[in-house]
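Let me begin by presenting the structure, written as structure tokens, before commenting on it.
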Amino acid sequence: MCRIAGIIANGVNPDDTRSKVAKMCYALQHGGPDDEGIFTDEKNGLVFGHRRLSIIDLSTKGHQPMADNQQKAWITFNGEIYNYLELREKLTIAGAGFNSATDTEVILQAYLHWGTDAFDKLRGIFAFALYDIAKATTYLVRDSSGIKPLYYYINNGQLSFASEVRALKLAEIATAEDETWRVRLLALGNIPEPYTTLKNVFSLPKGSFLCWNNNDCNCSISRYQTRFNINYITNKKHAEEIIHEALSNAVKRQLIADASIGVFLSGGIDSSLITLLAARHEQHQLKTISIYFDEKSYDESQYQHLIFKQINGEKFTHLVRQKDFDKYFPKILNAMDMPTTDGINSWFISNYAHQDGLKAVLSGIGGDELFGGYPSFKRIKYMGYLRKAPSALLKLSNYFTADRYKKISFLAHHHYLADYLLLRGLFTPPDIAKILDVDVKQVDDILFDTASNINLGQYNAEHAAWFETNLYMQNQLLRDTDVMGMNNGVEVRVPFLDEDFLRLVESISPEIRFDTDRSKKLLTDSFSDILPAAIWDRPKMGFTFPLQQWMKNTEVGDETLYKGQAAKNVVSKFRNDKMHWSKVFALYQIQKHD
């Protein structure tokens with residue numbers, strides 16, 4: 001797990017290019033505190049940079065950027081390849097030679113033996129740049145779930161890339177602001193892929209690779225994932241058995257590390273399951289990191305202790321109070337690569353993991369999306385009914401004062417994002433227009449700027465799963481978890497998004513996978529032998545902080561900070577508990593940025 005950066009700029013002074021890459025590496029040092037490296041190919045105007053967080057093969061042989069033993073290709077790699085030992089064995093039989101025990105070198109040899117077909121053979125979390133010297137071609141590659149970030153910028157025949165947007169800005173490679181980000185943040189609570197805060201800086205799509213011709217300065221983006229036919233599993237007992245085995249295998253292979261590793265344990269279904277499965281393999285060495293609160297309505301310590309009783313190893317628990325939030329709030333804001341309404345919880349748990357000596361942790365992200373753990377899975381059917389109402393009638397809901405009814409107006413737009421915004425949106429276009437003092441048509445054009453060519457079919461659980469996976473988890477949970485984890489020098493792994501486990505779950509009939517009576521029933525039934533009923537037989541809490549109260553005591557709740565009456569009205573409602581903290585937090589970040 002590391003941070004990467006690079007530039008390919010033919011005809012440019014190599015010293016200037018190297019200087020910019022060095023600046024990007026400096027901006028990314030928090031994500032790679034153990035080592036730094038830069039590789040330069042002056043002939044092709046290429047410079048790769050790397051900041052290392054040592055987790056596999058802690059020796060100097062893991063130094064990056066790295067070349068294969070014949071120096072046919074170079075790589076700068078961020079992530080982990082969980083099946084690298086299996087691939088290494090196959091490649092050794094095929095005649096490959098290795099200088100190190102790293103998974104990085106396995107990627108190089110896999111590419112040299114299988115070409116771009118190698119990308120689909122990788123199982124893990126990854127974003128890397130690979131330079132094929134003979135072909136004068138560079139590939140930017142991102143994992144199939146988009147767990148690791150990779151941003152690119154093309155300008156004047158030059159390609160620049162980095163693990164974080166801030167690196168491109170601080171190195172003065174891309175400085176022009178994308179003025180649409182404020183609208184997107186106020187509507188979604190995040191800046192959705194492929195957009196960023198910078199103009200023409202984009203996120204590489206998950207499961208894809210960008211191919212850059214170093215000579216012609218042309219590029220193409222292609223998906224590398226192999227299409228597979230789904231033969232639905234329709235027997236519930238069989239589904240439970242394979243889920244049990246496959247998730248256990250996913251956890252086992254994601255525990256591979258030469259550095260200290262642990263598990264985030266919140267006390268919910270997903271983190272409890274990952275912890276119990278990890279304990280089977282780590283036995284006495286397992287370390288857990290948990291957070292608890294004085295505010296009882298947010299505290300899950302009683303459920304954490306239920307799991308503690310079933311496992312051995314060190315249990316690190318941390319009490320988070322208002323004073324801790326006040327102390328670290330400025331640091332958390334500074335840690336954000338881009339504005340977001342999430343990530344505060346991830347920063348705290350990652351910070352404690354770092355304090356407790358961990359370099360890698362397992363997280364339960366993905367369980368809700370795969371098995372229907374959110375309220376949206378039940379609410380989605382009502383959207384189908386609302387969609388049948390006349391557009392003019394839907395627009396009238398804008399005049400409601402309650403948010404839950406006002407957001408129905410999103411459905412006046414025949415666009416998939418309108419459906420999602422009804423489920424998870426913050427401000428409606430008219431409210432955004434008032435806050436930013438722009439025309440509402442301008443807001444609509446930004447939010448619904450792409451052709452709505454995504455046909456999701458019926459308003460059912462599969463529909464909700466697509467939204468939660470591709471919009472909420474992708475743009476909010478995964479991005480913020482990675483940014484906050486790496487800001488603290490901690491790698492976060494997600495067994496629920498293991499490629500093989502994902503494919504298996506997607507092959508289960510939706511009628512079995514999503515239960516209408518009990519959320520995540522298939523998942524909990526699959527592990528009834530180890531998961532206490534008290535963990536799942538309770539209202540869902542989620543890994544949340546008492547931010548509704550805590551933020552009132554910071555400048556977030558200070559009305560004098562905000563410009564314009566519309567913004568001040570939002571803050572006033574928040575202070576009177578008539579507005580959710582996430583909405584005023586989004587507004588706060590815009591005010592601070594301006």
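Following the order of the structure tokens, chains are lettered A, B, ..., residues in each are numbered from 1, and ligands are numbered from 1.
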| task | Please provide the set of residues having any atom within 10 Å of stretch 60-69 of chain A, restricted to only C-alpha atoms, with same-chain residues fewer than 4 positions apart removed, written as a ChimeraX atom specification. | result | /A:2,4,34-40,47-52,54-56,73-77,96-109,112,129-131
| request: Excluding A:Leu159 and residues on its chain fewer than 3 positions from it, collect all residues at most 8 Å away from it, counting only C-alpha atoms, and give them as a list in words. | output: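 That gives Ile7, Ile8, Ala9, Tyr152, Tyr153, Ile154 and Asn155 of chain A.
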Next, dump the selected residues to file, keeping only N, CA, C and O atoms, as a JSON list (two decimals), in the first residue's frame.
[["chain", "number", "residue", "atom", "x", "y", "z"],
["A", 7, "ILE", "N", 4.53, 11.54, -14.55],
["A", 7, "ILE", "CA", 4.30, 12.41, -15.71],
["A", 7, "ILE", "C", 4.97, 11.79, -16.93],
["A", 7, "ILE", "O", 6.10, 11.29, -16.84],
["A", 8, "ILE", "N", 4.30, 11.85, -18.06],
["A", 8, "ILE", "CA", 4.90, 11.49, -19.34],
["A", 8, "ILE", "C", 4.80, 12.72, -20.22],
["A", 8, "ILE", "O", 3.70, 13.12, -20.61],
["A", 9, "ALA", "N", 5.95, 13.33, -20.51],
["A", 9, "ALA", "CA", 5.95, 14.60, -21.23],
["A", 9, "ALA", "C", 7.13, 14.64, -22.20],
["A", 9, "ALA", "O", 8.24, 15.05, -21.83],
["A", 152, "TYR", "N", -6.07, 11.21, -13.27],
["A", 152, "TYR", "CA", -5.19, 11.54, -14.38],
["A", 152, "TYR", "C", -5.59, 12.89, -15.00],
["A", 152, "TYR", "O", -6.73, 13.33, -14.88],
["A", 153, "TYR", "N", -4.60, 13.50, -15.66],
["A", 153, "TYR", "CA", -4.78, 14.81, -16.27],
["A", 153, "TYR", "C", -4.01, 14.81, -17.59],
["A", 153, "TYR", "O", -2.82, 14.51, -17.62],
["A", 154, "ILE", "N", -4.70, 15.12, -18.68],
["A", 154, "ILE", "CA", -4.08, 15.17, -20.00],
["A", 154, "ILE", "C", -4.15, 16.60, -20.53],
["A", 154, "ILE", "O", -5.22, 17.19, -20.59],
["A", 155, "ASN", "N", -2.98, 17.14, -20.87],
["A", 155, "ASN", "CA", -2.93, 18.52, -21.35],
["A", 155, "ASN", "C", -1.69, 18.72, -22.21],
["A", 155, "ASN", "O", -0.58, 18.31, -21.83]]
| query | So what do you get for atom CA of A:Asn470 versus atom CA of A:Val494, distance-wise? | reply |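 Calculated distance between atom CA of A:Asn470 and atom CA of A:Val494 is 15.7 Å.
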| message | When you look at A:Arg575 with a cut-off of 10 Å (counting only C-alpha atoms), what residues show up, excluding the ones that are within fewer than 6 positions of it in the same chain? I need them as a list in words. | response | Gln548, Gln549, Met551, Lys552, Asn553, Val556, Gly557, Asp558, Glu559, Asn569, Trp581 and Val584 of chain A
| request: Among the residues of stretch 293-374 of chain A, find those DSSP assigns to alpha helix (DSSP H) from the backbone and print them as a ChimeraX atom specification. | output: /A:301-308,322-335,344-355,367-371
| request: Pick out the closest residue to A:Arg88 from this set: A:Lys568, A:Lys148, A:Lys121, A:Lys72. Count only C-alpha atoms. | output: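 Among the listed residues, A:Lys121 lies closest to A:Arg88.
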| field | Shortest interatomic distance to A:Ala136 - which of A:Ser222, A:Leu46, A:Arg503, A:Ala94, counting only C-alpha atoms | value | A:Leu46
| field | All residues 8 Å or closer to stretch 381-391 of chain A, only C-alpha atoms, same chain fewer than 2 positions away omitted, as a count of residues only | value | 12
| field | Among listed residues A:His580, A:His305, A:Thr17, A:Pro546, nearest A:Gly425 (using only C-alpha atoms) | value |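 Nearest candidate to A:Gly425 out of A:His580, A:His305, A:Thr17, A:Pro546: A:His580.
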Which residues in stretch 269-303 of chain A does DSSP call strand (DSSP E)? List them as an mmCIF file with N, CA, C and O atoms, in the first residue's frame.
data_model
loop_
_atom_site.group_PDB
_atom_site.id
_atom_site.type_symbol
_atom_site.label_atom_id
_atom_site.label_comp_id
_atom_site.auth_asym_id
_atom_site.auth_seq_id
_atom_site.Cartn_x
_atom_site.Cartn_y
_atom_site.Cartn_z
ATOM 1 N N LYS A 287 -5.683 -8.481 16.286
ATOM 2 C CA LYS A 287 -5.848 -7.207 16.975
ATOM 3 C C LYS A 287 -7.102 -6.527 16.452
ATOM 4 O O LYS A 287 -7.312 -6.467 15.241
ATOM 5 N N THR A 288 -7.931 -6.027 17.349
ATOM 6 C CA THR A 288 -9.145 -5.316 16.942
ATOM 7 C C THR A 288 -9.073 -3.866 17.418
ATOM 8 O O THR A 288 -8.530 -3.574 18.484
ATOM 9 N N ILE A 289 -9.640 -2.976 16.607
ATOM 10 C CA ILE A 289 -9.706 -1.551 16.935
ATOM 11 C C ILE A 289 -11.177 -1.157 17.008
ATOM 12 O O ILE A 289 -11.936 -1.371 16.056
ATOM 13 N N SER A 290 -11.593 -0.615 18.136
ATOM 14 C CA SER A 290 -12.994 -0.236 18.329
ATOM 15 C C SER A 290 -13.100 1.146 18.944
ATOM 16 O O SER A 290 -12.211 1.587 19.681
ATOM 17 N N ILE A 291 -14.215 1.800 18.651
ATOM 18 C CA ILE A 291 -14.515 3.130 19.184
ATOM 19 C C ILE A 291 -15.827 3.072 19.958
ATOM 20 O O ILE A 291 -16.753 2.359 19.567
ATOM 21 N N TYR A 292 -15.883 3.808 21.073
ATOM 22 C CA TYR A 292 -17.153 3.910 21.792
ATOM 23 C C TYR A 292 -17.353 5.345 22.274
ATOM 24 O O TYR A 292 -16.432 6.163 22.230
#
| query | Pick the closest to A:Thr560 from A:Ser272, A:Thr234, A:Ser572, A:Thr516: which is it, counting only C-alpha atoms? | reply | A:Ser572
